[in-house]
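Just data-v9.tsv here, TSV, C-alpha atoms (C1' of nucleotides):
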```tsv
chain	number	residue	atom	x	y	z
C	1	MET	CA	11.65	64.68	11.89
C	2	PRO	CA	12.94	61.65	13.71
C	3	ALA	CA	13.34	58.59	11.55
C	4	ILE	CA	12.06	56.28	14.25
C	5	LYS	CA	9.11	56.65	16.54
C	6	ILE	CA	10.13	56.80	20.17
C	7	GLU	CA	8.26	54.37	22.38
C	8	PRO	CA	7.04	56.03	25.55
C	9	SER	CA	8.58	54.55	28.67
C	10	TYR	CA	7.25	54.65	32.19
C	11	SER	CA	8.78	54.47	35.62
C	12	ILE	CA	7.37	51.87	37.99
C	13	GLY	CA	5.20	54.50	39.66
C	14	GLU	CA	3.72	55.72	36.39
C	15	PHE	CA	3.26	52.18	35.20
C	16	ALA	CA	1.56	51.14	38.43
C	17	ASP	CA	-0.92	54.01	38.06
C	18	LEU	CA	-1.62	53.08	34.45
C	19	VAL	CA	-2.54	49.50	35.29
C	20	HIS	CA	-4.17	50.35	38.64
C	21	LEU	CA	-1.76	48.36	40.75
C	22	SER	CA	0.75	49.48	43.40
C	23	ALA	CA	4.47	49.68	42.69
C	24	PRO	CA	5.19	46.93	45.25
C	25	THR	CA	2.66	44.72	43.49
C	26	ILE	CA	4.46	45.26	40.18
C	27	ARG	CA	7.74	44.29	41.84
C	28	TYR	CA	6.03	41.28	43.38
C	29	TYR	CA	4.70	40.18	39.99
C	30	GLU	CA	8.13	40.58	38.50
C	31	SER	CA	9.64	38.53	41.33
C	32	GLN	CA	7.11	35.82	40.52
C	33	GLY	CA	8.12	35.86	36.88
C	34	LEU	CA	4.84	37.24	35.57
C	35	LEU	CA	6.50	40.15	33.83
C	36	LYS	CA	9.95	41.42	32.93
C	37	ALA	CA	11.05	45.00	33.45
C	38	ARG	CA	13.82	46.60	31.47
C	39	ARG	CA	16.34	48.70	33.40
C	40	THR	CA	17.95	52.08	32.90
C	41	THR	CA	21.73	52.31	33.18
C	42	ASN	CA	21.43	53.15	36.85
C	43	GLY	CA	19.25	50.16	37.64
C	44	ARG	CA	15.77	51.63	37.63
C	45	ARG	CA	12.90	49.72	36.06
C	46	TYR	CA	11.05	51.09	33.08
C	47	PHE	CA	8.05	49.83	31.16
C	48	THR	CA	6.51	50.28	27.72
C	49	THR	CA	3.04	50.20	26.20
C	50	ALA	CA	3.53	46.52	25.40
C	51	ASP	CA	3.96	45.90	29.14
C	52	ILE	CA	0.70	47.69	29.81
C	53	LYS	CA	-1.13	45.43	27.38
C	54	TRP	CA	0.48	42.36	28.86
C	55	VAL	CA	-0.41	43.26	32.44
C	56	LYS	CA	-3.98	44.06	31.46
C	57	PHE	CA	-4.29	40.69	29.83
C	58	LEU	CA	-2.72	39.03	32.89
C	59	LEU	CA	-5.32	40.73	35.07
C	60	HIS	CA	-8.09	39.33	32.91
C	61	LEU	CA	-6.72	35.84	33.38
C	62	LYS	CA	-6.29	36.48	37.08
C	63	GLY	CA	-9.88	37.70	37.18
C	64	THR	CA	-11.09	34.34	35.97
C	65	GLY	CA	-9.49	32.63	38.95
C	66	MET	CA	-5.99	31.80	37.77
C	67	SER	CA	-3.52	31.83	40.67
C	68	ILE	CA	-0.10	33.42	40.50
C	69	SER	CA	1.42	29.98	40.00
C	70	ASP	CA	-1.01	29.19	37.16
C	71	LEU	CA	-0.03	32.46	35.53
C	72	LYS	CA	3.62	31.68	36.04
C	73	GLN	CA	3.15	28.37	34.27
C	74	TYR	CA	1.41	30.14	31.43
C	75	VAL	CA	4.21	32.67	31.17
C	76	THR	CA	6.84	29.95	31.21
C	77	TRP	CA	5.15	28.13	28.36
C	78	ARG	CA	4.70	31.38	26.47
C	79	ALA	CA	8.43	32.05	26.68
C	80	MET	CA	9.11	28.60	25.20
C	81	GLY	CA	7.45	29.43	21.90
C	82	ASP	CA	4.62	28.12	19.77
C	83	GLY	CA	5.37	24.50	20.58
C	84	THR	CA	3.65	24.98	23.94
C	85	ILE	CA	0.42	26.35	22.52
C	86	PRO	CA	-1.42	23.09	23.23
C	87	ASN	CA	-0.27	23.31	26.87
C	88	ARG	CA	-1.44	26.89	27.17
C	89	LEU	CA	-4.70	26.11	25.46
C	90	ALA	CA	-5.35	23.22	27.86
C	91	LEU	CA	-4.57	25.43	30.86
C	92	LEU	CA	-6.93	28.15	29.64
C	93	GLU	CA	-9.65	25.62	28.84
C	94	LYS	CA	-9.40	24.18	32.33
C	95	THR	CA	-9.55	27.69	33.79
C	96	GLN	CA	-12.60	28.37	31.66
C	97	ALA	CA	-14.34	25.17	32.73
C	98	ASP	CA	-13.65	25.74	36.44
C	99	PHE	CA	-14.67	29.33	36.21
C	100	THR	CA	-17.88	28.60	34.34
C	101	LYS	CA	-18.86	26.16	37.05
C	102	LYS	CA	-18.22	28.72	39.79
C	103	TYR	CA	-20.00	31.34	37.77
C	104	ARG	CA	-23.17	29.26	37.71
C	105	GLU	CA	-22.89	28.62	41.44
C	106	VAL	CA	-22.59	32.27	42.37
C	107	GLN	CA	-25.46	33.03	40.02
C	108	HIS	CA	-27.59	30.76	42.18
C	109	HIS	CA	-26.33	32.41	45.36
C	110	LEU	CA	-27.34	35.74	43.88
C	111	GLU	CA	-30.82	34.44	43.10
C	112	ILE	CA	-31.30	33.37	46.70
C	113	LEU	CA	-30.01	36.72	47.94
C	114	THR	CA	-32.41	38.53	45.64
C	115	ASP	CA	-35.29	36.35	46.83
C	116	LYS	CA	-34.41	37.17	50.42
C	117	ILE	CA	-34.30	40.87	49.68
C	118	ASN	CA	-37.70	40.70	48.03
C	119	TRP	CA	-39.03	38.69	50.94
C	120	TYR	CA	-37.86	41.39	53.38
C	121	ARG	CA	-39.40	44.06	51.19
C	122	GLN	CA	-42.74	42.28	51.16
C	123	LYS	CA	-42.48	41.78	54.88
C	124	GLU	CA	-41.75	45.45	55.40
C	125	ALA	CA	-44.71	46.34	53.18
C	126	GLY	CA	-46.87	44.12	55.39
C	127	LYS	CA	-47.80	41.98	52.41
C	128	THR	CA	-47.04	38.65	54.00
C	129	ALA	CA	-48.60	39.63	57.31
C	130	GLY	CA	-45.07	39.17	58.65
C	131	ARG	CA	-45.61	35.45	58.88
C	132	GLU	CA	-44.68	33.46	55.79
C	133	PRO	CA	-41.38	31.68	56.46
C	134	PHE	CA	-38.63	32.30	53.95
C	135	ALA	CA	-38.44	28.60	53.07
C	136	ASP	CA	-42.10	28.64	52.03
C	137	TYR	CA	-41.54	31.80	50.06
C	138	LEU	CA	-38.60	30.21	48.24
C	139	GLU	CA	-40.59	27.12	47.46
C	140	LYS	CA	-43.34	29.22	45.95
C	141	LEU	CA	-40.71	30.73	43.65
C	142	GLY	CA	-39.22	27.38	42.75
C	143	HIS	CA	-35.91	28.28	44.38
C	144	GLU	CA	-35.43	25.47	46.79
C	145	GLU	CA	-32.27	25.13	48.87
J	146	MET	CA	-47.85	6.03	68.52
J	147	PRO	CA	-45.97	8.96	69.92
J	148	ALA	CA	-48.06	12.03	70.51
J	149	ILE	CA	-45.31	14.34	69.25
J	150	LYS	CA	-43.04	13.99	66.28
J	151	ILE	CA	-39.44	13.65	67.31
J	152	GLU	CA	-37.09	16.07	65.55
J	153	PRO	CA	-34.04	14.30	64.22
J	154	SER	CA	-30.84	15.49	65.84
J	155	TYR	CA	-27.34	15.28	64.47
J	156	SER	CA	-23.90	15.14	66.02
J	157	ILE	CA	-21.38	17.68	64.77
J	158	GLY	CA	-19.88	15.09	62.44
J	159	GLU	CA	-23.21	14.14	60.90
J	160	PHE	CA	-24.19	17.76	60.64
J	161	ALA	CA	-20.90	18.69	58.99
J	162	ASP	CA	-21.44	16.00	56.36
J	163	LEU	CA	-24.98	17.18	55.72
J	164	VAL	CA	-23.92	20.74	54.99
J	165	HIS	CA	-20.62	19.78	53.32
J	166	LEU	CA	-18.41	21.51	55.83
J	167	SER	CA	-15.84	20.10	58.25
J	168	ALA	CA	-16.55	19.73	61.97
J	169	PRO	CA	-13.84	22.29	62.84
J	170	THR	CA	-15.47	24.74	60.44
J	171	ILE	CA	-18.79	24.27	62.21
J	172	ARG	CA	-17.08	24.97	65.54
J	173	TYR	CA	-15.37	27.98	64.00
J	174	TYR	CA	-18.68	29.36	62.73
J	175	GLU	CA	-20.19	28.83	66.15
J	176	SER	CA	-17.23	30.63	67.76
J	177	GLN	CA	-17.88	33.53	65.40
J	178	GLY	CA	-21.51	33.66	66.41
J	179	LEU	CA	-22.90	32.55	63.05
J	180	LEU	CA	-24.82	29.66	64.55
J	181	LYS	CA	-25.80	28.27	67.91
J	182	ALA	CA	-25.50	24.60	68.82
J	183	ARG	CA	-27.56	22.95	71.49
J	184	ARG	CA	-25.75	20.61	73.90
J	185	THR	CA	-26.47	17.19	75.32
J	186	THR	CA	-26.20	16.75	79.10
J	187	ASN	CA	-22.57	15.72	78.76
J	188	GLY	CA	-21.64	18.75	76.72
J	189	ARG	CA	-21.72	17.47	73.15
J	190	ARG	CA	-23.17	19.62	70.41
J	191	TYR	CA	-26.22	18.55	68.50
J	192	PHE	CA	-28.07	20.07	65.57
J	193	THR	CA	-31.51	19.93	64.00
J	194	THR	CA	-33.04	20.29	60.56
J	195	ALA	CA	-33.61	23.99	61.26
J	196	ASP	CA	-29.84	24.36	61.71
J	197	ILE	CA	-29.28	22.71	58.35
J	198	LYS	CA	-31.56	25.22	56.65
J	199	TRP	CA	-29.89	28.07	58.42
J	200	VAL	CA	-26.37	27.03	57.47
J	201	LYS	CA	-27.38	26.48	53.87
J	202	PHE	CA	-28.80	29.97	53.76
J	203	LEU	CA	-25.66	31.35	55.41
J	204	LEU	CA	-23.58	29.66	52.71
J	205	HIS	CA	-25.65	31.35	50.02
J	206	LEU	CA	-24.97	34.71	51.60
J	207	LYS	CA	-21.31	33.83	51.96
J	208	GLY	CA	-21.28	32.80	48.32
J	209	THR	CA	-22.28	36.30	47.31
J	210	GLY	CA	-19.21	37.72	48.99
J	211	MET	CA	-20.35	38.44	52.53
J	212	SER	CA	-17.46	38.09	54.98
J	213	ILE	CA	-17.72	36.34	58.32
J	214	SER	CA	-18.02	39.69	60.04
J	215	ASP	CA	-20.80	40.79	57.65
J	216	LEU	CA	-22.63	37.58	58.45
J	217	LYS	CA	-22.07	38.12	62.14
J	218	GLN	CA	-23.62	41.56	61.86
J	219	TYR	CA	-26.58	40.07	60.03
J	220	VAL	CA	-27.01	37.39	62.69
J	221	THR	CA	-26.79	39.95	65.47
J	222	TRP	CA	-29.53	42.04	63.89
J	223	ARG	CA	-31.60	38.94	63.25
J	224	ALA	CA	-31.44	38.06	66.94
J	225	MET	CA	-32.69	41.54	67.81
J	226	GLY	CA	-36.03	41.00	66.10
J	227	ASP	CA	-38.10	42.61	63.37
J	228	GLY	CA	-37.04	46.12	64.32
J	229	THR	CA	-33.74	45.53	62.56
J	230	ILE	CA	-35.24	44.41	59.26
J	231	PRO	CA	-34.32	47.73	57.62
J	232	ASN	CA	-30.71	47.22	58.73
J	233	ARG	CA	-30.62	43.70	57.39
J	234	LEU	CA	-32.27	44.77	54.17
J	235	ALA	CA	-29.71	47.53	53.69
J	236	LEU	CA	-26.84	45.11	54.32
J	237	LEU	CA	-28.22	42.60	51.82
J	238	GLU	CA	-28.85	45.33	49.26
J	239	LYS	CA	-25.29	46.54	49.57
J	240	THR	CA	-24.06	42.97	49.22
J	241	GLN	CA	-26.22	42.60	46.15
J	242	ALA	CA	-24.96	45.81	44.60
J	243	ASP	CA	-21.30	44.99	45.23
J	244	PHE	CA	-21.75	41.48	44.00
J	245	THR	CA	-23.57	42.51	40.85
J	246	LYS	CA	-20.72	44.84	40.01
J	247	LYS	CA	-18.14	42.10	40.50
J	248	TYR	CA	-20.30	39.70	38.57
J	249	ARG	CA	-20.25	41.96	35.53
J	250	GLU	CA	-16.49	42.36	35.83
J	251	VAL	CA	-15.78	38.66	35.93
J	252	GLN	CA	-18.17	38.22	33.02
J	253	HIS	CA	-15.89	40.46	31.03
J	254	HIS	CA	-12.80	38.57	32.18
J	255	LEU	CA	-14.48	35.39	30.97
J	256	GLU	CA	-15.17	36.95	27.58
J	257	ILE	CA	-11.52	37.83	27.14
J	258	LEU	CA	-10.48	34.35	28.24
J	259	THR	CA	-12.88	32.82	25.73
J	260	ASP	CA	-11.57	35.10	23.00
J	261	LYS	CA	-8.02	34.03	23.80
J	262	ILE	CA	-8.97	30.36	23.69
J	263	ASN	CA	-10.60	30.84	20.30
J	264	TRP	CA	-7.60	32.76	19.09
J	265	TYR	CA	-5.31	29.87	20.09
J	266	ARG	CA	-7.65	27.41	18.39
J	267	GLN	CA	-7.56	29.39	15.19
J	268	LYS	CA	-3.82	29.67	15.45
J	269	GLU	CA	-3.51	25.94	15.96
J	270	ALA	CA	-5.75	25.35	12.96
J	271	GLY	CA	-3.43	27.55	10.91
J	272	LYS	CA	-6.26	29.91	10.11
J	273	THR	CA	-4.50	33.10	11.11
J	274	ALA	CA	-1.26	32.02	9.46
J	275	GLY	CA	0.17	32.23	12.97
J	276	ARG	CA	0.52	35.97	12.62
J	277	GLU	CA	-2.50	38.00	13.70
J	278	PRO	CA	-1.77	39.59	17.08
J	279	PHE	CA	-4.29	38.93	19.81
J	280	ALA	CA	-5.01	42.66	20.16
J	281	ASP	CA	-6.05	42.85	16.52
J	282	TYR	CA	-8.16	39.76	16.92
J	283	LEU	CA	-9.89	41.31	19.94
J	284	GLU	CA	-10.51	44.52	18.09
J	285	LYS	CA	-12.16	42.63	15.25
J	286	LEU	CA	-14.51	41.14	17.83
J	287	GLY	CA	-15.19	44.46	19.48
J	288	HIS	CA	-13.62	43.26	22.72
J	289	GLU	CA	-11.01	45.84	23.44
J	290	GLU	CA	-9.01	45.87	26.66
K	291	DG	C1'	24.15	72.19	48.37
K	292	DA	C1'	20.45	70.60	50.94
K	293	DT	C1'	15.99	68.78	50.85
K	294	DT	C1'	12.42	65.99	48.89
K	295	DG	C1'	10.32	62.37	46.49
K	296	DA	C1'	10.85	58.28	43.80
K	297	DC	C1'	13.35	54.65	43.33
K	298	DT	C1'	16.32	50.16	44.97
K	299	DT	C1'	16.61	45.54	47.87
K	300	DA	C1'	15.46	41.85	51.28
K	301	DA	C1'	12.77	40.49	54.74
K	302	DA	C1'	9.07	40.62	57.79
K	303	DG	C1'	4.18	41.50	58.53
K	304	DT	C1'	-0.93	41.35	57.42
K	305	DC	C1'	-5.50	39.56	56.45
K	306	DC	C1'	-8.96	36.13	56.08
K	307	DA	C1'	-10.93	31.88	56.69
K	308	DC	C1'	-10.04	28.20	57.98
K	309	DT	C1'	-7.05	23.85	59.47
K	310	DT	C1'	-4.18	21.43	62.41
K	311	DT	C1'	-2.32	20.14	66.74
K	312	DA	C1'	-2.31	18.73	71.42
K	313	DA	C1'	-4.24	16.96	75.30
K	314	DG	C1'	-8.02	15.14	77.21
K	315	DT	C1'	-13.14	12.93	77.69
K	316	DT	C1'	-16.94	9.95	76.32
K	317	DG	C1'	-19.83	6.26	73.88
K	318	DT	C1'	-20.10	2.05	71.56
K	319	DA	C1'	-18.59	-2.49	69.76
K	320	DA	C1'	-15.83	-6.78	70.20
F	321	DT	C1'	-12.54	-4.26	79.52
F	322	DT	C1'	-10.09	-2.77	76.21
F	323	DA	C1'	-9.85	-0.57	72.08
F	324	DC	C1'	-11.21	2.98	69.11
F	325	DA	C1'	-13.81	6.47	66.90
F	326	DA	C1'	-15.91	10.74	67.83
F	327	DC	C1'	-16.23	14.25	70.57
F	328	DT	C1'	-14.28	18.43	73.75
F	329	DT	C1'	-11.12	22.85	74.32
F	330	DA	C1'	-7.52	26.40	73.39
F	331	DA	C1'	-3.97	27.69	70.75
F	332	DA	C1'	-0.92	27.57	67.02
F	333	DG	C1'	-0.24	26.96	62.06
F	334	DT	C1'	-1.38	27.53	56.94
F	335	DG	C1'	-1.82	29.61	52.17
F	336	DG	C1'	-2.23	33.08	48.95
F	337	DA	C1'	-1.48	37.53	47.56
F	338	DC	C1'	0.06	41.03	48.59
F	339	DT	C1'	1.79	45.18	51.96
F	340	DT	C1'	4.87	47.23	54.96
F	341	DT	C1'	9.24	48.16	56.88
F	342	DA	C1'	14.05	49.25	56.93
F	343	DA	C1'	17.99	50.93	55.09
F	344	DG	C1'	19.90	52.90	51.46
F	345	DT	C1'	20.63	55.31	46.37
F	346	DC	C1'	19.56	58.72	43.03
F	347	DA	C1'	17.47	62.86	40.43
F	348	DA	C1'	15.43	67.10	40.41
F	349	DT	C1'	14.09	71.41	42.66
F	350	DC	C1'	14.78	75.49	45.89
```
Spell out the structure here as structure tokens.
Amino acid sequence: MPAIKIEPSYSIGEFADLVHLSAPTIRYYESQGLLKARRTTNGRRYFTTADIKWVKFLLHLKGTGMSISDLKQYVTWRAMGDGTIPNRLALLEKTQADFTKKYREVQHHLEILTDKINWYRQKEAGKTAGREPFADYLEKLGHEE
Amino acid sequence: MPAIKIEPSYSIGEFADLVHLSAPTIRYYESQGLLKARRTTNGRRYFTTADIKWVKFLLHLKGTGMSISDLKQYVTWRAMGDGTIPNRLALLEKTQADFTKKYREVQHHLEILTDKINWYRQKEAGKTAGREPFADYLEKLGHEE
DNA sequence: GATTGACTTAAAGTCCACTTTAAGTTGTAA
DNA sequence: TTACAACTTAAAGTGGACTTTAAGTCAATC
């Protein structure tokens, strides 16, 4: 029995598959300072389960609209220790506020799209006698603009 | 009293302001076939209230993720008459399906972001003794990954 | 021991949706 | 009538986030 548990390690190709990114994208992220890869003696990158968790979290942040440079700022602060928690918190709160605003906007776009789809369906079914303009239809639904 | 109501008409600059786009963007959209501008005798574009409605609708579609070329396809079918309603309906339904999927994904990203913000707040308040890893915190909330 | 596939780097290329530039024309106000 | 803002065109430039290319190294299999 080994006294210590051996952490699995992954080549860049394996790692890329695990986080559903391409190997060049991983290298690009590393070049941007979003992650750090360890190296084998002959210079090849390898990654651990902790890296997988980190990248997955990064992708969540990215998914809420943070740019690479926002993420880089976050990472920089993170590396500086707990003293920068207020900075990180402020950055995430701003991201959250911006994203929530956009989220409400696209929700409205989706409502209009859905209205239009239903309007076409009614039109196809001959229920509007093919005549009611979409604007009138929207107004009837209370979805102006 | 005039016998007919005169439709207001807008120069490209006025029109751009009304729909919150730039004049070059309006020209670009026209060049892509997304809208048609009428011209004065000396070649200047002018627009009407119908154009405003159309652009606003276009922007809703765009807001749900339709690309310029998707929109162009839609416009082309629209110009061909009611025979293409099934085509347009299918395009909008696909847009809706794709968008709904993305919408759910970003919703999840937002949840993780919110969890992280709350985790930082607790950490700042000294409530986790500065020790509970974020992964554990997530797990407690049932928000894995 | 030769081939194959995965890795290494730096740099150039791609895509989309605009935006900016350049060079010129036109309409209105002082 | 001269200034100036707003318009016209075609073409080139921008930004972000990768992706692709080129040229080479390394490890494992036949």
Output as a Markdown table one row per residue of chain F within 10 Å of chain C: the closest atom pair and its distance in Å to one decimal place, counting only C-alpha atoms (C1' of nucleotides), sorted by chain and residue number ascending.
```
| residue | atom | partner | partner_atom | distance |
| --- | --- | --- | --- | --- |
| F:DG336 | C1' | C:Ser67 | CA | 8.5 |
| F:DA337 | C1' | C:Ile68 | CA | 8.3 |
| F:DC338 | C1' | C:Thr25 | CA | 6.8 |
| F:DT339 | C1' | C:Pro24 | CA | 7.7 |
| F:DT340 | C1' | C:Pro24 | CA | 9.7 |
| F:DT345 | C1' | C:Asn42 | CA | 9.8 |
| F:DC346 | C1' | C:Asn42 | CA | 8.5 |
```
Could you list, with a cut-off of 9 Å and counting only C-alpha atoms, the residues of chain C near chain J, each shown with its nearest atom pair and the distance in Å rounded to one decimal, rows sorted by chain and ascending number, as CSV?
```
residue,atom,partner,partner_atom,distance
C:Lys53,CA,J:Glu290,CA,7.9
C:Lys56,CA,J:Glu290,CA,7.2
C:Phe57,CA,J:Glu290,CA,7.7
C:Leu59,CA,J:His254,CA,8.3
C:His60,CA,J:His254,CA,4.8
C:Leu61,CA,J:Leu258,CA,6.5
C:Lys62,CA,J:His254,CA,8.4
C:Gly63,CA,J:His254,CA,5.9
C:Thr64,CA,J:His254,CA,5.9
C:Ile85,CA,J:Tyr265,CA,7.2
C:Pro86,CA,J:Glu269,CA,8.1
C:Arg88,CA,J:Tyr265,CA,8.6
C:Leu89,CA,J:Ile262,CA,6.3
C:Leu92,CA,J:Ile262,CA,6.7
C:Glu93,CA,J:Ile262,CA,7.0
C:Thr95,CA,J:Leu258,CA,8.7
C:Gln96,CA,J:Leu258,CA,7.2
C:Phe99,CA,J:Leu255,CA,8.0
C:Thr100,CA,J:Leu255,CA,8.3
C:Tyr103,CA,J:Tyr248,CA,8.4
C:Glu105,CA,J:Gly208,CA,8.2
C:Val106,CA,J:Gly208,CA,6.1
C:Gln107,CA,J:Tyr248,CA,8.6
C:His108,CA,J:His205,CA,8.1
C:His109,CA,J:His205,CA,4.8
C:Leu110,CA,J:Thr209,CA,6.1
C:Ile112,CA,J:His205,CA,6.9
C:Leu113,CA,J:Leu206,CA,6.5
C:Thr114,CA,J:Gln241,CA,7.4
C:Lys116,CA,J:Leu237,CA,8.4
C:Ile117,CA,J:Leu234,CA,6.3
C:Tyr120,CA,J:Leu234,CA,6.6
C:Arg121,CA,J:Leu234,CA,7.8
C:Lys123,CA,J:Ile230,CA,8.9
C:Glu124,CA,J:Ile230,CA,7.6
C:Ala135,CA,J:Lys198,CA,8.5
C:Glu145,CA,J:Lys201,CA,7.1
```
Which residues are near DA323 of chain F? Cut-off 12 Å, all atoms listed in the file, ignore same chain within fewer than 4 positions. Put them as an MDAnalysis selection string. chainID K and resid 318:320
Please identify every residue of chain C that has at least one atom no more than 10 Å from any atom of chain K, counting only C-alpha atoms (C1' of nucleotides), and report them as a list in words.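 Result, ordered by chain then number: Ser11, Ile12, Gly13, Gly43, Arg44 and Arg45 of chain C.
Once chain J is least-squares aligned to chain C over all ordered C-alpha pairs, the remaining root-mean-square deviation is 0.1 Å.
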Atomic separation - atom CA of Pro133 of chain C relative to atom CA of Gly226 of chain J, Å: 14.4 Å
Using only C-alpha atoms, which of J:Arg183, J:Thr193, J:Gln267, J:Leu166 sits nearest Tyr282 of chain J?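 Among J:Arg183, J:Thr193, J:Gln267, J:Leu166, it is J:Gln267 that comes nearest to Tyr282 of chain J.
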Nearby residues (only C-alpha atoms (C1' of nucleotides)) at most 9 Å from Leu71 of chain C, same-chain spacing under 5 positions excluded, as a VMD selection string: chain C and resid 33 to 34 58 61 to 62 66 76
Between atom C1' of DA342 of chain F and atom CA of Ser69 of chain C, measure the distance and give it in Å to one decimal. 28.6 Å
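Separating atom C1' of DA325 of chain F from atom CA of Val200 of chain J is a distance of 25.9 Å.
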Can you complete the atoms of segment 72-86 of chain C to N, CA, C and O atoms and list them as an mmCIF file, in the coordinates of the input?
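Result file selection_34.cif:
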```cif
data_model
loop_
_atom_site.group_PDB
_atom_site.id
_atom_site.type_symbol
_atom_site.label_atom_id
_atom_site.label_comp_id
_atom_site.auth_asym_id
_atom_site.auth_seq_id
_atom_site.Cartn_x
_atom_site.Cartn_y
_atom_site.Cartn_z
ATOM 1 N N LYS C 72 2.193 31.906 36.246
ATOM 2 C CA LYS C 72 3.620 31.680 36.040
ATOM 3 C C LYS C 72 3.852 30.536 35.058
ATOM 4 O O LYS C 72 4.710 30.610 34.188
ATOM 5 N N GLN C 73 3.059 29.499 35.197
ATOM 6 C CA GLN C 73 3.150 28.370 34.270
ATOM 7 C C GLN C 73 2.853 28.833 32.848
ATOM 8 O O GLN C 73 3.554 28.489 31.900
ATOM 9 N N TYR C 74 1.805 29.609 32.736
ATOM 10 C CA TYR C 74 1.410 30.140 31.430
ATOM 11 C C TYR C 74 2.556 30.954 30.817
ATOM 12 O O TYR C 74 2.914 30.778 29.639
ATOM 13 N N VAL C 75 3.128 31.821 31.634
ATOM 14 C CA VAL C 75 4.210 32.670 31.170
ATOM 15 C C VAL C 75 5.426 31.846 30.746
ATOM 16 O O VAL C 75 6.072 32.122 29.730
ATOM 17 N N THR C 76 5.712 30.837 31.525
ATOM 18 C CA THR C 76 6.840 29.950 31.210
ATOM 19 C C THR C 76 6.639 29.295 29.845
ATOM 20 O O THR C 76 7.531 29.299 28.992
ATOM 21 N N TRP C 77 5.440 28.767 29.645
ATOM 22 C CA TRP C 77 5.150 28.130 28.360
ATOM 23 C C TRP C 77 5.216 29.136 27.208
ATOM 24 O O TRP C 77 5.733 28.837 26.141
ATOM 25 N N ARG C 78 4.695 30.318 27.478
ATOM 26 C CA ARG C 78 4.700 31.380 26.470
ATOM 27 C C ARG C 78 6.128 31.692 26.019
ATOM 28 O O ARG C 78 6.396 31.851 24.826
ATOM 29 N N ALA C 79 7.035 31.725 26.991
ATOM 30 C CA ALA C 79 8.430 32.050 26.680
ATOM 31 C C ALA C 79 9.098 30.936 25.878
ATOM 32 O O ALA C 79 10.128 31.148 25.240
ATOM 33 N N MET C 80 8.510 29.736 25.900
ATOM 34 C CA MET C 80 9.110 28.600 25.200
ATOM 35 C C MET C 80 8.710 28.539 23.722
ATOM 36 O O MET C 80 9.203 27.675 22.995
ATOM 37 N N GLY C 81 7.803 29.403 23.324
ATOM 38 C CA GLY C 81 7.450 29.430 21.900
ATOM 39 C C GLY C 81 6.186 28.665 21.545
ATOM 40 O O GLY C 81 5.524 28.089 22.410
ATOM 41 N N ASP C 82 5.889 28.652 20.254
ATOM 42 C CA ASP C 82 4.620 28.120 19.770
ATOM 43 C C ASP C 82 4.416 26.622 20.032
ATOM 44 O O ASP C 82 3.282 26.136 20.000
ATOM 45 N N GLY C 83 5.490 25.927 20.299
ATOM 46 C CA GLY C 83 5.370 24.500 20.580
ATOM 47 C C GLY C 83 4.525 24.204 21.811
ATOM 48 O O GLY C 83 3.975 23.106 21.961
ATOM 49 N N THR C 84 4.401 25.197 22.702
ATOM 50 C CA THR C 84 3.650 24.980 23.940
ATOM 51 C C THR C 84 2.217 25.504 23.849
ATOM 52 O O THR C 84 1.511 25.563 24.860
ATOM 53 N N ILE C 85 1.794 25.848 22.658
ATOM 54 C CA ILE C 85 0.420 26.350 22.520
ATOM 55 C C ILE C 85 -0.613 25.332 23.009
ATOM 56 O O ILE C 85 -1.542 25.703 23.735
ATOM 57 N N PRO C 86 -0.455 24.053 22.698
ATOM 58 C CA PRO C 86 -1.420 23.090 23.230
ATOM 59 C C PRO C 86 -1.483 23.091 24.757
ATOM 60 O O PRO C 86 -2.558 22.969 25.346
#
```
